[in-house]
Every structure is written in C-alpha cells, then in structure tokens.
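In what follows, a structure is listed as structure tokens, so that the remarks can point back to it.
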Amino acid sequence: MPLIPPTPSFVEEPRSGDRPPSSIIIIGSGVFGLTTALSLSHRPEYVSTTITVIDKSPFPAADGSSIDSSRIIRADYKDPVYARLAAEALEIWRLPEPKDGSPKNSAAMIYAGVGAETRYSESGLVLVGDGDVDYVVESYRNIKAQAEELGVGDSVKYLDGEDAVRDAMKTGGVTGSKGYFNPFSGWADAQAAMVWVREQCEKRDNIKFVEGEVEMLWVKRSSEEDDAEEVGREKVEGVVMKNGDMLSADITVLAAGAWSPGLVDLAGRAVATGQVMAYVEVSEEEEAQLKDIPVALDLSSGMFIFPPRGGVMKIARHAFGYINSVEGEGWEKSGEEVVVSRPVTSVSLPGVRIPKEDEDMLAKGLGEMVPSLKGREFKKTRLCWYTDTPTGDFVVSYHPTISRLFLATGGSGHAFKFLPVLGEKIADGIEGKLEEDLAQLWKLRDPVEGPVVTYDGSRNGTERAELSSVLRVDVELP
C-alpha cells in the first residue's frame with residue numbers, strides 16, 4: 001500500500017495570481033497536455049511550480065490522436081471566433097526557428113519553429129461539398145475577408161462546378177461540386193510537431209514526465225477545515241495510478257483526450273468516437289507527381305486527402321464516427337451504471353482494423369480523388385479517437401462542481417491546428433484570464449439529453465454506430 005502524500009493546499013478558482021500553485025499535474029501528453037505544460041512553464045509566476053505530465057504510453061503515444069503523419073492546418077471556419085484564432089495560429093506555424101538566446105517572452109516566440117523543417121507545409125486547401133454547403137459558404141466568407149484585409153483576396157478562388165474543383169485539386173480527380181481554394185492553408189506532420197513540442201518541454205527545469213496509467217482521480221470531500229464555501233464539495237487531490245501510487249498536486253489538469261470521459265463523468269457533454277483513416281504506399285515517381293497537390297476536404301462525403309510524403313499518402317473521413325460502449329467501473333448516477341465509450345486502438349487491441357465497409361468507402365473515395373491510385377491496397381488503417389462535444393467546441397474550464405480540477409479536452413477532431421496558441425489559452429483559463437468569447441465558447445455546458453453527437457456543420461453520413469459489431473482484428477498465424 002503506497003504512502004498517502006500530504007494534503008495539498010487549497011487553490012482558489014480561478015486563481016487571482018497572488019498565490020501560484022506549488023504543483024500541477026497534467027494528465028495526457030497530447031496537443032492539449034504538452035502545450036499547457038510548455039506555456040505554463042514559461043510564465044514567471046510558475047517558475048517554482050512543479051509541472052508533472054503523466055501519460056500511459058511512452059512518447060510519442062502510438063494511439064494518441066495528436067500522433068500521426070498529417071493534420072490539416074487551416075483558418076477556414078464557419079465560426080468567426082475559430083477562424084480568428086486559427087489565423088493567429090497559422091502565423092506562428094509559418095515562423096522560422098528563432099536564433100539561440102532569443103527571449104521566449106511571447107506565445108509566438110515560445111512556439112516559433114514548430115512548423116519549420118517541413119513540419120508545416122502550406123500546400124493550400126480545397127474545401128468543397130455537394131452544392132452550397134453552409135459550412136463551406138460561411139468559411140469562404142470568413143477566409144475571403146481575412147485575405148482581403150491583407151490585400152490578397154484575389155488569391156482565394158471560388159470553385160463553381162466539378163471542372164473547377166478538378167483543376168484546383170491537381171490530381172485528375174474530383175470530389176464535390178462547389179467550394180473554394182485557399183492557398184494560405186496547408187498541413188502539418190503532426191508527430192514531428194509533437195516531438196518538437198516535447199523537446200521544448202524537456203528543456204524546462206520545472207516540467208517532469210511520468211509514464212504510467214492513471215486509474216482514477218484522487219477525489220476527497222471537503223471538510224470543515226477548508227473554506228466554508230467548500231464544505232461538502234468534492235475536490236481533486238491528485239491522481240491514483242494503476243500501480244497504486246498516489247500523486248498529489250494543487251491543480252490537476254485533465255487533458256487525456258478520448259480517455260478523459262473515462263476519468264470524470266462527462267455524460268451528455270463529451271464522448272470518445274473512433275474515426276477512420278487509411279494509408280497507401282506510393283512510388284518515388286508518384287510522390288513527385290503528387291507532392292504539390294493541396295489538401296482536399298469534402299464536407300459532404302467527409303473524405304479528405306493529403307499530399308504524400310515518405311512514400312505514403314493518407315485518406316481519412318471526418319464523420320459522426322463509432323463509439324465503444326462499456327460500463328464506467330464503479331460509477332453510478334441516480335442509481336444507474338454510467339456507460340462510457342472507451343477507445344479501442346492498436347495498443348489496447350493489436351491488429352485492430354477499421355470496419356470493412358469503411359475501408360471500401362475510403363478505397364472508393366481515393367479512386368475518385370486520385371484516379372492514378374484507384375485499386376491500390378492500403379498499407380494500414382487506423383481508428384483515430386476524437387473527444388466529441390455536442391457543438392464541436394472544446395472544453396477549457398474549471399469543473400463547475402469539483403474543486404481543483406481543470407478540464408482541457410473536447411478537441412472534437414479539429415484542435416491540432418491551434419497548437420501554437422492552444423496552450424496559451426489553456427494557461428489563461430487556469431489563471432482566470434481567458435477572453436470572454438473563448439471562455440463562453442469553451443465552458444463545460446449542461447449535458448444534452450440522449451447521445452452526444454457533434455452537429456457543427458462539418459460532420460456527415462449515417463448516425464453514430466457501435467464499433468463492437470463491425471470491428472475487425474488481423475490475427476497473425478504462428
């Protein structure tokens with residue numbers, strides 16, 4: 001039985017800034033967790049704060065949604081708040097690595113260089129749909145306005161008809177019938193970018209890493225010795241590890257991505273969903289022919305492709321996804337067992353493949369979008385696990401009923417592009433300084449009735465389905 005650490009001191013929420021915490025635990029080393037650690041570590045008031053980042057897997061985690069060959073980097077949003085924030089992030093993605101000794105006194109300087117050395121490629125983006133899709137129309141208006149402010153509005157091209165879309169895609173294929181081409185968006189090598197962030201974190205004296213699985217949050221009920229307003233309220237003292245160790249902290253940040261709903265009750269607020277993607281091998285000649293194509297995203301089919309790199313090309317689908325429902329161990333709510341969707345990955349289930357119907361759908365989409373690769377077998381497939389919220393908005397806020405717990409999750413499949421600004425915004429939220437529009441957008445909202453399904457205009461296809469009935473596993477023969 002491990003020794004129980006001393007009870008940590010109480011921290012007001014949001015903190016006023018006059019009493020920095022002595023310790024912070026961050027659960028998860030994905031884009032939410034690592035950027036939070038890096039941003040906090042650079043703030044002068046946290047110079048004496050121990051920031052502990054915990055992850056269940058060695059870095060880079062093979063099943064983390066932030067670890068992949070590619071992610072779309074765009075300011076192309078229907079919502080003007082996200083469009084503005086993504087534009088800020090894009091400016092930093094474009095910055096070169098600063099010279100040694102340059103002061104890290106701003107978000108731009110902390111993250112400058114994350115997109116250098118081809119970690120970010122400004123290939124352009126073709127965003128289309130079947131006809132006048134609302135999300136595409138509103139995104140076009142927002143991105144056109146941004147470009148016109150910079151005097152480059154003519155560079156954003158409206159695409160009216162399949163011939164115009166085909167010309168913009170540069171593959172000889174086509175998807176969708178209307179949309180636009182934005183030359184100022186692109187894509188990132190997600191794993192390489194995360195490795196860069198991890199390296200920056202490892203340079204910080206006040207960040208340390210712990211490899212191990214968090215079994216549960218260490219929750220106590222406040223007593224009369226605490227602040228009068230806190231008596232009887234639950235508070236998080238830290239975490240209980242699967243090996244029995246108990247780690248304490250003044251503030252615990254839950255940034256575990258699709259594993260977050262398994263550690264705190266987010267029923268009606270967030271759910272883990274599996275999204276399908278596949279990878280096909282290409283020759284050096286094929287890669288040379290396709291290396292300058294834009295990213296293409298069809299919001300009617302959900303299909304999107306990236307330029308190839310390293311002999312591999314990726315196709316994926318942004319849809320409502322799959323859930324894997326299991327009972328939340330030891331959880332009860334109004335006398336009923338809580339059902340949680342838990343990720344199934346190549347780590348938890350070696351040999352797992354996406355459902356056959358989805359693999360066939362991706363193969364068909366690849367043939368339509370890149371005719372030269374029609375009929376090519378996939379090298380591998382993958383289930384990428386989103387943390388979906390009903391509106392597609394992130395959750396970046398203190399828990400409303402549990403003290404000392406800060407939530408940084410709910411990426412809903414579109415958070416990675418914000419990497420250069422995300423940690424700064426989360427740090428602002430921890431300090432109670434987050435801009436009002438973002439604070440309202442990212443607060444933990446009241447739960448919805450029924451299943452959590454993301455209706456933000458970017459999803460399509462059939463409704464959410466259970467994974468268990470269609471799951472496939474490759475079994476290696478001895």
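Naming works like this for the structure tokens: A, B, ... for the chains as they're shown, residue 1 at the start of each chain, ligands 1 onward in shown order.
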Apply DSSP to the structure's backbone, then extract all residues of segment 192-303 of chain A labelled strand (DSSP E) and return them as a VMD selection string. chain A and resid 207 to 211 214 to 221 234 to 241 246 to 248 251 to 254 271 to 281 295 to 298 303
At what distance in Å, to one decimal, does atom CA of Ile27 of chain A lie from atom CA of Ala256 of chain A? 5.6 Å
Ranking A:Asp100, A:Asp189, A:Glu436, A:Glu281 by minimum distance to Ser69 of chain A and counting only C-alpha atoms, which one comes first?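 Going through A:Asp100, A:Asp189, A:Glu436, A:Glu281 one by one, the smallest distance to Ser69 of chain A is for A:Asp189.
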So which residues touch Phe378 of chain A within 9 Å, counting only C-alpha atoms, skipping near sequence neighbours fewer than 5 positions away, as a PyMOL selection string? chain A and resi 278-281+359+363
Figure out the distance between atom CA of Ala439 of chain A and atom CA of Glu138 of chain A, please, to one decimal in Å. 23.0 Å
Sel. of alpha helix (DSSP H) residues, segment 215-350 of chain A, as a ChimeraX atom specification: /A:284-290
Based on the selection just made, write N, CA and C atoms of those residues as an mmCIF file, in the first residue's frame.
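In the end it all went to result_14.cif:
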data_model
loop_
_atom_site.group_PDB
_atom_site.id
_atom_site.type_symbol
_atom_site.label_atom_id
_atom_site.label_comp_id
_atom_site.auth_asym_id
_atom_site.auth_seq_id
_atom_site.Cartn_x
_atom_site.Cartn_y
_atom_site.Cartn_z
ATOM 1 N N GLU A 284 8.336 6.652 -55.658
ATOM 2 C CA GLU A 284 9.025 7.954 -55.714
ATOM 3 C C GLU A 284 8.479 8.801 -56.851
ATOM 4 N N GLU A 285 8.209 8.159 -57.989
ATOM 5 C CA GLU A 285 7.675 8.892 -59.139
ATOM 6 C C GLU A 285 6.278 9.432 -58.833
ATOM 7 N N GLU A 286 5.438 8.617 -58.200
ATOM 8 C CA GLU A 286 4.083 9.065 -57.855
ATOM 9 C C GLU A 286 4.131 10.193 -56.832
ATOM 10 N N GLU A 287 5.033 10.062 -55.870
ATOM 11 C CA GLU A 287 5.146 11.126 -54.866
ATOM 12 C C GLU A 287 5.593 12.435 -55.504
ATOM 13 N N ALA A 288 6.514 12.362 -56.439
ATOM 14 C CA ALA A 288 6.975 13.568 -57.134
ATOM 15 C C ALA A 288 5.834 14.219 -57.912
ATOM 16 N N GLN A 289 4.956 13.398 -58.491
ATOM 17 C CA GLN A 289 3.827 13.926 -59.261
ATOM 18 C C GLN A 289 2.764 14.555 -58.374
ATOM 19 N N LEU A 290 2.629 14.053 -57.138
ATOM 20 C CA LEU A 290 1.533 14.486 -56.265
ATOM 21 C C LEU A 290 1.981 15.381 -55.109
#
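Taking only C-alpha atoms into account, Gly172 of chain A lies nearest to A:Glu368 out of the set A:Glu97, A:Glu122, A:Glu368, A:Asp55.
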Counting only C-alpha atoms, figure out which residue out of A:Pro390, A:Pro447, A:Gly461, A:Pro355 gets nearest to Met303 of chain A.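 Of A:Pro390, A:Pro447, A:Gly461, A:Pro355, the one nearest Met303 of chain A is A:Gly461, counting only C-alpha atoms.
The residue set within 8 Å of Ser23 of chain A, counting only C-alpha atoms and dropping same-chain residues fewer than 5 places from it, reads Thr49, Thr50, Ile51, Thr52, Ala249, Asp250 and Ile251 of chain A.
Interatomic distance, atom CA of Ala270 of chain A against atom CA of Phe394 of chain A: 9.5 Å.
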What lies within 8 Å of segment 396-400 of chain A using only C-alpha atoms, ignoring chain neighbours under 4 positions off, as a PyMOL selection string? chain A and resi 13-14+404-409+426+429-430+439+442-444
